[in-house]
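Asker: So here's query20.csv (CSV, C-alpha atoms).
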chain,number,residue,atom,x,y,z
A,1,MET,CA,24.8,-109.9,38.4
A,2,ALA,CA,25.0,-106.3,39.7
A,3,GLN,CA,25.1,-107.5,43.3
A,4,ASN,CA,27.9,-110.0,42.5
A,5,HIS,CA,29.9,-107.2,40.8
A,6,LYS,CA,29.5,-104.9,43.8
A,7,GLN,CA,30.5,-107.5,46.3
A,8,PRO,CA,34.1,-108.1,45.0
A,9,ALA,CA,34.5,-104.3,44.7
A,10,LYS,CA,33.4,-103.9,48.4
A,11,GLU,CA,35.8,-106.7,49.5
A,12,THR,CA,38.7,-105.0,47.6
A,13,VAL,CA,38.0,-101.7,49.3
A,14,GLU,CA,37.8,-103.4,52.7
A,15,LYS,CA,41.2,-105.1,52.1
A,16,GLU,CA,42.7,-101.8,51.0
A,17,LEU,CA,41.4,-100.2,54.2
A,18,THR,CA,42.7,-103.0,56.3
A,19,TYR,CA,46.1,-102.7,54.6
A,20,ILE,CA,46.2,-99.0,55.2
A,21,GLN,CA,45.2,-99.5,58.8
A,22,LYS,CA,48.0,-102.0,59.3
A,23,VAL,CA,50.5,-99.6,57.7
A,24,TRP,CA,49.4,-96.8,60.0
A,25,HIS,CA,49.5,-99.1,63.0
A,26,THR,CA,53.1,-100.1,62.1
A,27,VAL,CA,54.1,-96.4,61.7
A,28,ALA,CA,52.5,-95.6,65.0
A,29,ILE,CA,54.4,-98.4,66.8
A,30,VAL,CA,57.7,-97.4,65.2
A,31,ALA,CA,57.1,-93.8,66.2
A,32,LEU,CA,56.2,-94.8,69.7
A,33,LEU,CA,59.4,-96.9,70.0
A,34,VAL,CA,61.5,-94.0,68.7
A,35,VAL,CA,59.9,-91.6,71.2
A,36,VAL,CA,60.4,-94.1,74.1
A,37,ILE,CA,64.1,-94.6,73.1
A,38,LEU,CA,64.7,-90.9,72.9
A,39,ILE,CA,63.1,-90.3,76.3
A,40,ALA,CA,65.0,-93.2,77.8
A,41,ARG,CA,68.2,-91.8,76.4
A,42,VAL,CA,67.6,-88.4,77.9
A,43,ALA,CA,66.3,-89.7,81.2
A,44,PHE,CA,68.8,-92.5,81.5
A,45,ASN,CA,70.9,-90.6,84.1
A,46,VAL,CA,67.8,-90.0,86.1
A,47,LEU,CA,67.0,-93.7,86.1
A,48,LEU,CA,70.5,-94.4,87.3
A,49,MET,CA,70.0,-91.9,90.1
A,50,VAL,CA,66.8,-93.7,91.1
A,51,LEU,CA,68.8,-96.9,91.2
A,52,ALA,CA,71.5,-95.2,93.3
A,53,GLY,CA,68.8,-93.9,95.7
A,54,THR,CA,67.4,-97.4,95.9
A,55,LEU,CA,70.8,-98.8,96.9
A,56,VAL,CA,71.2,-96.1,99.6
A,57,SER,CA,67.7,-97.0,100.8
A,58,VAL,CA,68.6,-100.7,100.8
A,59,TYR,CA,71.6,-99.8,103.0
A,60,PHE,CA,69.4,-97.9,105.5
A,61,HIS,CA,66.9,-100.7,105.7
A,62,GLY,CA,69.6,-103.4,106.1
A,63,LEU,CA,71.2,-101.4,109.0
A,64,GLY,CA,67.8,-100.8,110.5
A,65,ASP,CA,66.9,-104.5,110.3
A,66,MET,CA,70.2,-105.4,112.0
A,67,ILE,CA,69.5,-102.9,114.8
A,68,GLN,CA,66.0,-104.3,115.2
A,69,ARG,CA,67.3,-107.9,115.4
A,70,LYS,CA,69.8,-106.9,118.1
A,71,THR,CA,67.6,-104.7,120.2
A,72,LYS,CA,64.0,-105.8,119.5
A,73,TRP,CA,63.0,-102.2,119.3
A,74,ARG,CA,60.2,-100.8,117.1
A,75,ARG,CA,61.1,-100.7,113.4
A,76,ARG,CA,60.4,-97.0,112.9
A,77,LEU,CA,62.8,-96.2,115.8
A,78,CYS,CA,65.4,-98.5,114.3
A,79,MET,CA,65.1,-96.8,110.9
A,80,ILE,CA,65.5,-93.4,112.5
A,81,ILE,CA,68.6,-94.6,114.3
A,82,SER,CA,69.9,-96.1,111.0
A,83,VAL,CA,69.6,-92.9,109.0
A,84,ALA,CA,70.6,-90.4,111.7
A,85,GLY,CA,73.4,-92.6,113.0
A,86,THR,CA,74.9,-92.9,109.5
A,87,PHE,CA,75.0,-89.2,109.0
A,88,ILE,CA,76.4,-88.6,112.5
A,89,ILE,CA,79.2,-91.1,112.0
A,90,LEU,CA,80.1,-89.7,108.7
A,91,THR,CA,80.1,-86.1,110.1
A,92,VAL,CA,82.3,-87.2,113.0
A,93,LEU,CA,84.8,-89.0,110.7
A,94,PHE,CA,85.1,-86.0,108.4
A,95,TRP,CA,85.4,-83.7,111.4
A,96,PHE,CA,88.3,-85.5,112.9
A,97,MET,CA,89.9,-86.8,109.7
A,98,GLY,CA,89.0,-83.9,107.4
A,99,ALA,CA,91.9,-81.6,108.4
A,100,LYS,CA,94.5,-84.4,108.0
A,101,ILE,CA,93.0,-85.6,104.7
A,102,SER,CA,92.8,-82.0,103.4
A,103,LYS,CA,96.5,-81.5,104.3
A,104,GLN,CA,97.5,-84.7,102.5
A,105,ILE,CA,95.5,-83.8,99.5
A,106,THR,CA,97.3,-80.5,99.3
A,107,VAL,CA,100.6,-82.3,99.6
A,108,LEU,CA,99.6,-84.8,96.9
A,109,SER,CA,98.5,-82.1,94.5
A,110,ASP,CA,101.8,-80.3,95.0
A,111,SER,CA,104.0,-83.4,94.7
A,112,LEU,CA,102.3,-85.0,91.7
A,113,PRO,CA,103.8,-82.7,89.0
A,114,LYS,CA,107.3,-83.3,90.4
A,115,THR,CA,106.5,-87.0,90.5
A,116,VAL,CA,105.4,-87.1,86.9
A,117,ASN,CA,108.6,-85.3,85.8
A,118,THR,CA,110.7,-87.8,87.8
A,119,VAL,CA,108.8,-90.7,86.2
A,120,LYS,CA,109.4,-89.2,82.8
A,121,GLU,CA,113.2,-89.0,83.5
A,122,LYS,CA,113.2,-92.6,84.6
A,123,LEU,CA,111.2,-93.8,81.5
A,124,SER,CA,113.5,-91.9,79.2
A,125,GLU,CA,116.4,-94.2,80.2
A,126,TYR,CA,114.7,-97.2,78.5
A,127,PRO,CA,113.7,-97.7,74.8
A,128,LEU,CA,110.2,-98.8,75.7
A,129,GLY,CA,109.8,-95.8,78.0
A,130,ASN,CA,110.9,-93.4,75.2
A,131,LYS,CA,108.1,-94.9,73.0
A,132,VAL,CA,105.6,-94.3,75.8
A,133,LEU,CA,106.7,-90.7,76.2
A,134,LEU,CA,106.6,-90.1,72.5
A,135,TYR,CA,103.1,-91.5,72.4
A,136,LEU,CA,101.9,-89.3,75.2
A,137,SER,CA,103.7,-86.2,73.9
A,138,ASP,CA,101.6,-86.3,70.7
A,139,ASP,CA,98.0,-85.3,70.2
A,140,ASN,CA,97.1,-88.7,71.8
A,141,SER,CA,97.6,-87.2,75.3
A,142,ASP,CA,95.0,-84.5,74.5
A,143,LYS,CA,92.7,-87.1,73.3
A,144,LEU,CA,93.2,-89.2,76.4
A,145,PHE,CA,92.5,-86.2,78.7
A,146,ALA,CA,89.4,-85.2,76.6
A,147,THR,CA,88.1,-88.8,76.8
A,148,ALA,CA,88.7,-88.9,80.6
A,149,LYS,CA,87.0,-85.6,81.0
A,150,GLN,CA,84.0,-86.8,79.1
A,151,PHE,CA,84.1,-90.2,80.8
A,152,PHE,CA,83.8,-88.7,84.3
A,153,ASN,CA,81.3,-86.0,83.4
A,154,THR,CA,77.9,-86.3,85.0
A,155,SER,CA,74.5,-84.8,84.1
A,156,PHE,CA,73.8,-82.4,86.9
A,157,GLY,CA,77.3,-82.3,88.5
A,158,VAL,CA,78.5,-84.4,91.4
A,159,LEU,CA,77.0,-82.4,94.2
A,160,GLY,CA,73.6,-82.2,92.4
A,161,ASN,CA,73.6,-85.9,91.8
A,162,ILE,CA,74.4,-86.6,95.4
A,163,TYR,CA,71.6,-84.3,96.5
A,164,VAL,CA,69.1,-86.0,94.3
A,165,ILE,CA,70.2,-89.5,95.3
A,166,LEU,CA,70.0,-88.7,99.0
A,167,PHE,CA,66.6,-87.1,98.4
A,168,LEU,CA,65.2,-90.1,96.7
A,169,ALA,CA,66.8,-92.5,99.3
A,170,MET,CA,64.9,-90.6,102.1
A,171,PHE,CA,61.6,-91.1,100.3
A,172,PHE,CA,62.3,-94.8,99.5
A,173,THR,CA,63.4,-95.4,103.1
A,174,ALA,CA,60.4,-93.6,104.7
A,175,ASN,CA,57.8,-95.7,102.8
A,176,PRO,CA,59.2,-98.4,100.6
A,177,ASN,CA,55.9,-100.3,100.4
A,178,LEU,CA,54.2,-97.4,98.6
A,179,TYR,CA,56.6,-97.7,95.6
A,180,LYS,CA,56.7,-101.5,95.7
A,181,ASP,CA,52.9,-101.7,95.7
A,182,GLY,CA,52.8,-99.2,92.9
A,183,ILE,CA,54.9,-101.4,90.7
A,184,ILE,CA,52.8,-104.4,91.6
A,185,LYS,CA,49.6,-102.6,90.6
A,186,LEU,CA,51.0,-102.1,87.1
A,187,ILE,CA,51.4,-105.9,86.6
A,188,PRO,CA,48.4,-108.0,85.3
A,189,GLU,CA,46.5,-109.9,88.0
A,190,ASP,CA,47.8,-113.3,86.9
A,191,ARG,CA,51.4,-112.1,87.0
A,192,LYS,CA,51.4,-110.3,90.4
A,193,GLU,CA,52.9,-113.3,92.3
A,194,LEU,CA,55.7,-113.5,89.7
A,195,GLY,CA,56.2,-109.7,90.1
A,196,ARG,CA,56.6,-110.0,93.9
A,197,CYS,CA,59.0,-112.9,93.4
A,198,VAL,CA,61.2,-110.9,91.0
A,199,ILE,CA,61.2,-107.8,93.2
A,200,ASP,CA,62.2,-109.9,96.3
A,201,ARG,CA,65.0,-111.5,94.4
A,202,ILE,CA,66.3,-108.2,93.1
A,203,SER,CA,66.2,-106.8,96.6
A,204,MET,CA,68.2,-109.7,97.9
A,205,ALA,CA,70.8,-109.4,95.2
A,206,LEU,CA,71.2,-105.6,95.8
A,207,LYS,CA,71.6,-106.2,99.5
A,208,GLY,CA,74.2,-108.8,98.9
A,209,TRP,CA,76.1,-106.6,96.5
A,210,LEU,CA,76.0,-103.6,98.9
A,211,LYS,CA,77.2,-105.6,101.9
A,212,GLY,CA,80.0,-107.1,99.9
A,213,MET,CA,81.0,-103.8,98.4
A,214,MET,CA,81.1,-102.0,101.7
A,215,LEU,CA,83.2,-104.8,103.3
A,216,SER,CA,85.6,-104.7,100.3
A,217,MET,CA,86.0,-100.9,100.6
A,218,VAL,CA,86.8,-101.1,104.4
A,219,LEU,CA,89.2,-104.0,104.0
A,220,VAL,CA,91.0,-102.4,101.1
A,221,PHE,CA,91.3,-99.1,103.0
A,222,ILE,CA,92.8,-100.8,106.0
A,223,LEU,CA,95.2,-103.0,104.1
A,224,ILE,CA,96.5,-100.3,101.7
A,225,GLY,CA,96.7,-97.7,104.6
A,226,VAL,CA,98.8,-100.1,106.8
A,227,GLY,CA,101.0,-101.2,103.9
A,228,LEU,CA,101.8,-97.7,102.6
A,229,SER,CA,102.4,-96.4,106.1
A,230,ILE,CA,104.9,-99.2,106.8
A,231,MET,CA,106.7,-98.2,103.5
A,232,SER,CA,106.6,-94.5,104.6
A,233,ILE,CA,104.8,-93.5,101.5
A,234,PRO,CA,103.6,-89.8,101.6
A,235,VAL,CA,99.9,-89.1,101.9
A,236,ALA,CA,99.2,-92.8,102.7
A,237,LEU,CA,95.8,-92.0,104.2
A,238,VAL,CA,94.5,-90.2,101.1
A,239,LEU,CA,95.8,-93.0,98.8
A,240,ALA,CA,94.1,-95.6,101.0
A,241,LEU,CA,90.9,-93.6,101.0
A,242,LEU,CA,91.1,-93.2,97.2
A,243,THR,CA,91.6,-97.0,96.8
A,244,GLY,CA,88.7,-97.8,99.0
A,245,LEU,CA,86.4,-95.4,97.1
A,246,LEU,CA,87.5,-96.7,93.7
A,247,LYS,CA,86.7,-100.2,94.8
A,248,LEU,CA,83.1,-99.2,93.8
A,249,ILE,CA,84.4,-99.6,90.2
A,250,PRO,CA,85.2,-103.3,89.8
A,251,ASN,CA,88.3,-104.2,87.6
A,252,PHE,CA,89.2,-100.6,86.5
A,253,GLY,CA,89.0,-99.0,89.9
A,254,SER,CA,91.8,-101.0,91.4
A,255,LEU,CA,94.2,-100.2,88.5
A,256,ALA,CA,93.3,-96.5,88.6
A,257,ALA,CA,94.0,-96.4,92.4
A,258,MET,CA,97.4,-98.0,92.1
A,259,ILE,CA,98.8,-95.5,89.6
A,260,PRO,CA,99.3,-92.5,92.0
A,261,GLY,CA,100.7,-94.8,94.8
A,262,VAL,CA,103.3,-96.3,92.4
A,263,LEU,CA,104.2,-92.9,91.0
A,264,LEU,CA,104.9,-91.5,94.4
A,265,ALA,CA,106.9,-94.6,95.3
A,266,LEU,CA,109.0,-94.1,92.2
A,267,THR,CA,110.3,-90.8,93.7
A,268,ILE,CA,111.8,-92.9,96.5
A,269,GLY,CA,113.2,-95.7,94.5
A,270,THR,CA,112.4,-98.4,91.9
A,271,ASN,CA,112.4,-101.2,94.6
A,272,THR,CA,110.0,-99.2,96.7
A,273,ALA,CA,107.7,-98.8,93.7
A,274,ILE,CA,107.8,-102.5,93.1
A,275,ILE,CA,106.9,-103.3,96.7
A,276,VAL,CA,104.1,-100.7,96.7
A,277,ALA,CA,102.7,-102.3,93.5
A,278,LEU,CA,102.8,-105.7,95.2
A,279,ILE,CA,101.0,-104.2,98.2
A,280,TYR,CA,98.2,-103.1,96.0
A,281,ILE,CA,98.0,-106.4,94.1
A,282,VAL,CA,98.2,-108.6,97.2
A,283,SER,CA,95.5,-106.5,99.0
A,284,GLN,CA,93.2,-106.6,96.1
A,285,THR,CA,93.8,-110.4,95.8
A,286,ILE,CA,93.0,-111.0,99.5
A,287,VAL,CA,89.8,-108.9,99.4
A,288,SER,CA,88.7,-110.6,96.1
A,289,ASN,CA,89.2,-114.1,97.6
A,290,ILE,CA,87.4,-113.3,100.8
A,291,VAL,CA,84.6,-111.0,99.7
A,292,THR,CA,83.8,-112.0,96.2
A,293,PRO,CA,82.5,-115.5,97.2
A,294,LEU,CA,80.3,-113.7,99.8
A,295,ILE,CA,78.8,-111.5,97.1
A,296,GLN,CA,78.2,-114.4,94.7
A,297,LYS,CA,76.2,-116.2,97.4
A,298,LYS,CA,73.8,-113.3,97.5
A,299,MET,CA,73.8,-112.5,93.8
A,300,ILE,CA,73.6,-114.5,90.6
A,301,ASP,CA,76.8,-115.5,89.0
A,302,LEU,CA,77.9,-112.7,86.6
A,303,PRO,CA,80.3,-113.7,83.7
A,304,PRO,CA,83.5,-111.5,84.0
A,305,ALA,CA,83.5,-110.6,80.3
A,306,LEU,CA,79.9,-109.5,80.5
A,307,THR,CA,80.6,-107.4,83.6
A,308,ILE,CA,83.5,-105.6,81.8
A,309,LEU,CA,81.4,-105.0,78.7
A,310,SER,CA,78.5,-103.6,80.9
A,311,GLN,CA,81.0,-101.2,82.6
A,312,VAL,CA,82.4,-100.0,79.3
A,313,LEU,CA,78.9,-99.5,77.9
A,314,MET,CA,77.6,-97.8,81.0
A,315,GLY,CA,80.7,-95.6,81.3
A,316,THR,CA,80.2,-94.4,77.7
A,317,LEU,CA,76.5,-93.6,78.3
A,318,SER,CA,76.6,-92.1,81.8
A,319,GLY,CA,80.2,-91.6,83.0
A,320,VAL,CA,81.4,-92.6,86.4
A,321,LEU,CA,77.9,-93.1,87.8
A,322,GLY,CA,77.2,-95.6,85.1
A,323,ILE,CA,80.4,-97.5,85.8
A,324,ILE,CA,79.6,-97.7,89.6
A,325,LEU,CA,76.1,-99.0,89.0
A,326,ALA,CA,77.0,-101.3,86.0
A,327,VAL,CA,77.2,-104.4,88.2
A,328,PRO,CA,73.9,-104.0,90.1
A,329,LEU,CA,72.2,-103.0,86.9
A,330,LEU,CA,73.6,-106.1,85.1
A,331,ALA,CA,72.4,-108.2,88.1
A,332,ILE,CA,68.9,-106.8,87.7
A,333,VAL,CA,68.8,-107.5,84.0
A,334,MET,CA,70.1,-111.0,84.5
A,335,ILE,CA,67.4,-111.7,87.1
A,336,LEU,CA,64.7,-110.4,84.8
A,337,VAL,CA,65.9,-112.5,81.9
A,338,ASP,CA,66.1,-115.5,84.1
A,339,GLU,CA,62.7,-115.1,85.6
A,340,LEU,CA,60.8,-113.9,82.6
A,341,TYR,CA,62.5,-115.8,79.8
A,342,VAL,CA,64.8,-118.7,80.8
A,343,LYS,CA,62.5,-120.3,83.3
A,344,LYS,CA,59.6,-120.1,80.8
A,345,ILE,CA,61.7,-121.9,78.2
A,346,ASN,CA,62.8,-124.6,80.8
A,347,GLU,CA,59.1,-125.1,81.8
A,348,GLY,CA,58.1,-125.5,78.2
A,349,SER,CA,60.9,-128.0,77.6
A,350,GLU,CA,59.8,-130.0,80.6
A,351,VAL,CA,56.2,-130.0,79.4
A,352,LEU,CA,57.3,-131.2,75.9
A,353,SER,CA,59.5,-134.0,77.4
A,354,THR,CA,56.7,-135.1,79.6
A,355,LYS,CA,54.2,-135.4,76.7
A,356,SER,CA,56.7,-137.2,74.5
Please go through the file and, once you have read it, give me the structure as structure tokens.
Answerer:
Amino acid sequence: MAQNHKQPAKETVEKELTYIQKVWHTVAIVALLVVVILIARVAFNVLLMVLAGTLVSVYFHGLGDMIQRKTKWRRRLCMIISVAGTFIILTVLFWFMGAKISKQITVLSDSLPKTVNTVKEKLSEYPLGNKVLLYLSDDNSDKLFATAKQFFNTSFGVLGNIYVILFLAMFFTANPNLYKDGIIKLIPEDRKELGRCVIDRISMALKGWLKGMMLSMVLVFILIGVGLSIMSIPVALVLALLTGLLKLIPNFGSLAAMIPGVLLALTIGTNTAIIVALIYIVSQTIVSNIVTPLIQKKMIDLPPALTILSQVLMGTLSGVLGIILAVPLLAIVMILVDELYVKKINEGSEVLSTKS
């Protein structure tokens, strides 16, 4: 009887220990998740810079592959030409165009305050314009400027971010297999083939996005530059360059680039402003209809609403760098979800339908 009495007591103690262990395991998991989230939040901008460095490296490799296909030279030599040639071309462009761009930027900065005053005078002539001016004259304008300042703020400063991105791109370009193989080694043995497939698919998507984006920027720069020059708009080169650069920000970039051009055109006349607005709209439409299908061939189809939401979220978290990288980051997430979740569900559904 004594042994039977001791056995339930021992089982009760073991159950209590098991319950306590489960509680501590749960607490440890939650604490670990909180730590990981905090680290990810702090290091999120760093991860974005890694992605930006990867994109620059993808550009160098894409250009190097094209040179190798055309010349049949050794790959290392083609990569050196790709990197060195890019920096030489950029230096030459800034050398020859820098003085003109600097002069036009000075003119733009001097003329914008007068332009804003002229626009205010024109808006005050209409009831709706008076409401807009009243809205901007309140504390709302300070809130808008504060939001914009926070929106375009970056972690280490623009120059610091560019330095880190280029530094990472050089390492990724010099030995990409080192980092690719390092990622593969972290994957279980039975999943390595899937890991290689996912990495190759992500690489193809990033190459497609980068090619399409560069083509869009060049076409927009040419179309806007020619159109504004024909209309005799001041600082047309700077406005075209600004539009091309802001093309990196889908949806919002085009609207932001159009504002200074239309404001300057308003100083000439209302009809001129309407024509300039049409130039921006038509140029963006042409580029979107030509380039967007090319991008979608290389990337998965991204829902427009999801793209905008990702831009807003990334802009809130990381400013302008987050907005620029929102689309490629969304593409990476969509590929991961498709490969690791959707295809598994489809395979399970096919197995069930076969058994039934």
Asker: From the list A:Pro260, A:Gly182, A:Gly322, A:Gly208, which residue is nearest A:Pro234 when using all atoms listed in the file?
Answerer: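 Comparing A:Pro260, A:Gly182, A:Gly322, A:Gly208 against A:Pro234, the winner is A:Pro260.
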Asker: May I ask for the distance between atom CA of A:Ala326 and atom CA of A:Gly53, given in Å to one decimal place?
Answerer: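 Value for the atom CA of A:Ala326-atom CA of A:Gly53 distance: 14.7 Å.
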Asker: Quote the spacing between atom CA of A:Tyr280 and atom CA of A:Leu330 in Å to one decimal place.
Answerer: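 Those two atoms sit 27.1 Å apart.
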Asker: Give me, as a PyMOL selection string, all polymer residues having an atom no more than 12 Å from A:Gly253, counting all atoms listed in the file and skipping those fewer than 4 positions away in the same chain.
Answerer: chain A and resi 217+220+242-249+257-259+280+284+308+311+320+323-324
Asker: Using only C-alpha atoms, which of A:Ile183, A:Leu93, A:Ile274, A:Ala43 sits nearest A:Met231?
Answerer: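 For A:Met231, the nearest of the given residues is A:Ile274.
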Asker: Set the distance at 10 Å and use all atoms listed in the file: which residues neighbour A:Val58 once local chain neighbours fewer than 6 positions away are removed? I'd like the list as a ChimeraX atom specification.
Answerer: /A:52,64,169,172-173,176,203-204,206-207,210-211
Asker: Name the residues in contact with stretch 335-339 of chain A at a cut-off of 10 Å, using only C-alpha atoms, excluding same-chain residues fewer than 4 positions from it; report them as a PyMOL selection string.
Answerer: chain A and resi 194-195+197-199+201-202+205+299-300+329-331+343-345
Asker: Which neighbours of A:Ile286 fall inside 12 Å, counting only C-alpha atoms, when residues of the same chain fewer than 6 positions from it are skipped, and could you give them as a PyMOL selection string?
Answerer: chain A and resi 216+219-220+223-224+278-280+292-293
Asker: Just the number, please: distance in Å from atom CA of A:Gly62 to atom CA of A:Leu186, one decimal.
Answerer: 26.6 Å
Asker: Determine the nearest neighbour of A:Arg196 from the options A:Ile184, A:Leu51, A:Val35, A:Leu263, counting all atoms listed in the file.
Answerer: A:Ile184
Asker: Which residue is closest to A:Phe60? Choose from A:Leu90, A:Ile162, A:Ala174, A:Val276 and count all atoms listed in the file.
Answerer: A:Ala174
Asker: A:Leu313, A:Met213, A:Val342, A:Leu241: which is nearest A:Gly225, counting all atoms listed in the file?
Answerer: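 Checking each of A:Leu313, A:Met213, A:Val342, A:Leu241 against A:Gly225, counting all atoms listed in the file, the winner is A:Leu241.
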Asker: Could you check the closest approach to A:Phe44 for each of A:Asn161, A:Ser318, A:Thr285, A:Ser82 and tell me which residue wins, using all atoms listed in the file?
Answerer: A:Ser318
Asker: Since the input lacks atoms, please generate N, CA, C and O atoms for stretch 54-66 of chain A and provide them as a PDB file, in the frame of the given file.
Answerer:
ATOM      1  N   THR A  54      67.863 -96.098  95.419  1.00  0.00           N
ATOM      2  CA  THR A  54      67.400 -97.400  95.900  1.00  0.00           C
ATOM      3  C   THR A  54      68.430 -98.129  96.692  1.00  0.00           C
ATOM      4  O   THR A  54      68.148 -98.724  97.742  1.00  0.00           O
ATOM      5  N   LEU A  55      69.677 -98.096  96.202  1.00  0.00           N
ATOM      6  CA  LEU A  55      70.800 -98.800  96.900  1.00  0.00           C
ATOM      7  C   LEU A  55      71.034 -98.138  98.264  1.00  0.00           C
ATOM      8  O   LEU A  55      71.269 -98.846  99.250  1.00  0.00           O
ATOM      9  N   VAL A  56      70.994 -96.805  98.327  1.00  0.00           N
ATOM     10  CA  VAL A  56      71.200 -96.100  99.600  1.00  0.00           C
ATOM     11  C   VAL A  56      70.028 -96.500 100.565  1.00  0.00           C
ATOM     12  O   VAL A  56      70.248 -96.756 101.762  1.00  0.00           O
ATOM     13  N   SER A  57      68.817 -96.571 100.028  1.00  0.00           N
ATOM     14  CA  SER A  57      67.700 -97.000 100.800  1.00  0.00           C
ATOM     15  C   SER A  57      67.813 -98.420 101.325  1.00  0.00           C
ATOM     16  O   SER A  57      67.472 -98.750 102.468  1.00  0.00           O
ATOM     17  N   VAL A  58      68.327 -99.292 100.443  1.00  0.00           N
ATOM     18  CA  VAL A  58      68.600-100.700 100.800  1.00  0.00           C
ATOM     19  C   VAL A  58      69.584-100.743 101.988  1.00  0.00           C
ATOM     20  O   VAL A  58      69.430-101.535 102.931  1.00  0.00           O
ATOM     21  N   TYR A  59      70.611 -99.888 101.929  1.00  0.00           N
ATOM     22  CA  TYR A  59      71.600 -99.800 103.000  1.00  0.00           C
ATOM     23  C   TYR A  59      70.905 -99.409 104.339  1.00  0.00           C
ATOM     24  O   TYR A  59      71.117-100.041 105.390  1.00  0.00           O
ATOM     25  N   PHE A  60      70.092 -98.354 104.296  1.00  0.00           N
ATOM     26  CA  PHE A  60      69.400 -97.900 105.500  1.00  0.00           C
ATOM     27  C   PHE A  60      68.507 -98.972 106.082  1.00  0.00           C
ATOM     28  O   PHE A  60      68.476 -99.198 107.303  1.00  0.00           O
ATOM     29  N   HIS A  61      67.780 -99.663 105.208  1.00  0.00           N
ATOM     30  CA  HIS A  61      66.900-100.700 105.700  1.00  0.00           C
ATOM     31  C   HIS A  61      67.661-101.912 106.228  1.00  0.00           C
ATOM     32  O   HIS A  61      67.256-102.514 107.229  1.00  0.00           O
ATOM     33  N   GLY A  62      68.778-102.259 105.568  1.00  0.00           N
ATOM     34  CA  GLY A  62      69.600-103.400 106.100  1.00  0.00           C
ATOM     35  C   GLY A  62      70.153-103.065 107.452  1.00  0.00           C
ATOM     36  O   GLY A  62      70.127-103.923 108.347  1.00  0.00           O
ATOM     37  N   LEU A  63      70.665-101.841 107.638  1.00  0.00           N
ATOM     38  CA  LEU A  63      71.200-101.400 109.000  1.00  0.00           C
ATOM     39  C   LEU A  63      70.075-101.382 109.985  1.00  0.00           C
ATOM     40  O   LEU A  63      70.252-101.811 111.139  1.00  0.00           O
ATOM     41  N   GLY A  64      68.905-100.868 109.567  1.00  0.00           N
ATOM     42  CA  GLY A  64      67.800-100.800 110.500  1.00  0.00           C
ATOM     43  C   GLY A  64      67.296-102.199 110.907  1.00  0.00           C
ATOM     44  O   GLY A  64      66.967-102.429 112.088  1.00  0.00           O
ATOM     45  N   ASP A  65      67.270-103.134 109.976  1.00  0.00           N
ATOM     46  CA  ASP A  65      66.900-104.500 110.300  1.00  0.00           C
ATOM     47  C   ASP A  65      67.868-105.150 111.279  1.00  0.00           C
ATOM     48  O   ASP A  65      67.466-105.881 112.203  1.00  0.00           O
ATOM     49  N   MET A  66      69.155-104.875 111.079  1.00  0.00           N
ATOM     50  CA  MET A  66      70.200-105.400 112.000  1.00  0.00           C
ATOM     51  C   MET A  66      69.988-104.851 113.395  1.00  0.00           C
ATOM     52  O   MET A  66      70.071-105.588 114.395  1.00  0.00           O
TER      53      MET A  66
END
